[in-house]
Amino acid sequence: MAGGGGEQGENPVAINVVPMVDVIFCLCVFFMCSFKFKQLEGKFDSWLPKGKGTGGPSDSMIIEEIRVALYWDPSTQRTIRKMRHNTIIDDNQLESLITEAYADFKRMSKPDTPVIVDAEAAVPWDEVVKILNISKRQQITKFEFALGAAPGAQIPAVRPKPDEPK
Amino acid sequence: MAGFKGPEVQEEVPCNLIPMIDIMFLLLLFFMLGADMAQRDLEDVVLPQASEVKEDENVRGDEGTTTINVHHSFPACPVHGRTDAAGKDMVCREMDHWRVAIRSKDFTQDTMRQQLQIEADGELEDQVDPLAGKRLSKRRAMVRADRLAPFGLVQRIIETCGSVGLYKVEVGAAQPPKP
């Protein structure tokens, strides 16, 4: 075909790539700014018991538990940790106390003994997770959270009189 | 020296844009694929660190998981995010500053119960549980609480989950950075 053999001059309309570069550059800047390295997250399974409510243990139950009590001191902004009448100074002491207590229960053939976290509402969540972590390290699989009155719960206005049947 | 002519200077040097476009396309693809749009489930919280935590394969929340975030939401708070003289994080205990959010929407205790009830009822187990005497939910509830959040709030969420039939509760923690 006449005039069909040219290569450079065949397409007389040049594509202007500059607007495309502009748009891609804008998109690049947008995604770069919104990019965030994701923190590695994990989880602790803490499935709730199916057949139990939030009631306390029955009176006849023998207490077989490893209980860690956490109190919040607002004046010093510190958490006070107690276990077996000991005020815990650091994580190592807490770990050794939990290990010791769990070893006692294992010796008594009770490896299912739970660790009960009895914490005040104001205690930072971090402190509770620390106990879960230490317990997991000791291969303890059962945890319980002690429930008190809900924070800000109202005391019922009408209470049964002492002589009334409950 | 009349008549001497130096080398011709090329006035217009064409700039080859093709390699630049290639690289920009690659960058664009990288950032587009790296941007996780499912993150709207997850509030910006600093999770407590735990070495024994198992890796969450369901972070995106697409396998029947309701993610409940407990986060601090009061930018003008004079305490949160600051450290004391000893370098320890200060802890905000103004309960109004702490929020419970599901999919970036804040809930009060009552509305949270309603929402969790809806989510629990949406995916019930096939059979009645003999211990509970009712059909429980097979949906998981993931509690992602800020490390400084009050335990009372988390406690209330777990209690609410139990009361609406969500018994598969998980608590989120961050893996400590590897040395």
# chains A, B, ... in the order shown; residues from 1 in each chain; ligands from 1
call {"tool": "interface_residues", "arguments": {"of": "chain A", "to": "chain B", "cutoff": "7 Å", "atoms": "only C-alpha atoms", "output": "PyMOL selection string"}}
result
chain A and resi 21+24+27-28+31-32+35+40-48+50-51+77+121-126+129-130+133+136-137+150-151
call {"tool": "select_by_dssp", "arguments": {"residues": "stretch 60-114 of chain B", "states": "strand (DSSP E or B)", "output": "count of residues only"}}
result
18
call {"tool": "select_by_dssp", "arguments": {"residues": "stretch 25-164 of chain B", "states": "alpha helix (DSSP H)", "output": "ChimeraX atom specification"}}
result
/B:25-34,109-122,151-164
call {"tool": "write_last_selection", "arguments": {"atoms": "C-alpha atoms", "output": "compact mmCIF listing (two decimals), in the first residue's frame"}}
result
# COMPACT_ATOMS: atom_id res chain seq x y z
CA PHE B 25 2.83 1.92 38.31
CA LEU B 26 4.75 -0.56 40.42
CA LEU B 27 4.73 1.79 43.40
CA LEU B 28 1.03 2.43 42.90
CA LEU B 29 0.28 -1.29 42.85
CA PHE B 30 2.36 -1.86 45.98
CA PHE B 31 0.61 0.82 47.98
CA MET B 32 -2.83 -0.12 46.69
CA LEU B 33 -2.43 -3.75 47.65
CA GLY B 34 -0.79 -2.81 50.94
CA GLN B 109 -24.03 -0.01 77.26
CA ASP B 110 -27.68 -0.35 76.21
CA THR B 111 -27.11 0.10 72.50
CA MET B 112 -24.13 -2.24 72.66
CA ARG B 113 -26.32 -4.95 74.14
CA GLN B 114 -28.87 -4.44 71.35
CA GLN B 115 -26.18 -4.56 68.69
CA LEU B 116 -24.54 -7.66 70.15
CA GLN B 117 -27.93 -9.33 70.44
CA ILE B 118 -28.57 -8.69 66.74
CA GLU B 119 -25.14 -10.04 65.81
CA ALA B 120 -25.51 -13.08 68.06
CA ASP B 121 -28.97 -13.94 66.75
CA GLY B 122 -27.73 -13.66 63.18
CA PHE B 151 -10.78 -3.34 83.13
CA GLY B 152 -14.36 -2.54 84.20
CA LEU B 153 -15.30 -1.71 80.61
CA VAL B 154 -13.87 -4.95 79.27
CA GLN B 155 -15.54 -6.84 82.09
CA ARG B 156 -18.88 -5.29 81.14
CA ILE B 157 -18.42 -6.24 77.48
CA ILE B 158 -17.59 -9.85 78.35
CA GLU B 159 -20.61 -9.99 80.63
CA THR B 160 -22.85 -8.59 77.90
CA CYS B 161 -21.47 -11.09 75.38
CA GLY B 162 -22.32 -13.90 77.75
CA SER B 163 -25.83 -12.63 78.36
CA VAL B 164 -26.67 -12.39 74.63
call {"tool": "atom_distance", "arguments": {"atom1": "atom CA of A:Met108", "atom2": "atom CA of A:Ile88"}}
result
25.2 Å
call {"tool": "atom_distance", "arguments": {"atom1": "atom CA of B:Ser73", "atom2": "atom CA of B:Asp106"}}
result
10.0 Å
call {"tool": "atom_distance", "arguments": {"atom1": "atom CA of A:Ile116", "atom2": "atom CA of A:Ala146"}}
result
6.5 Å
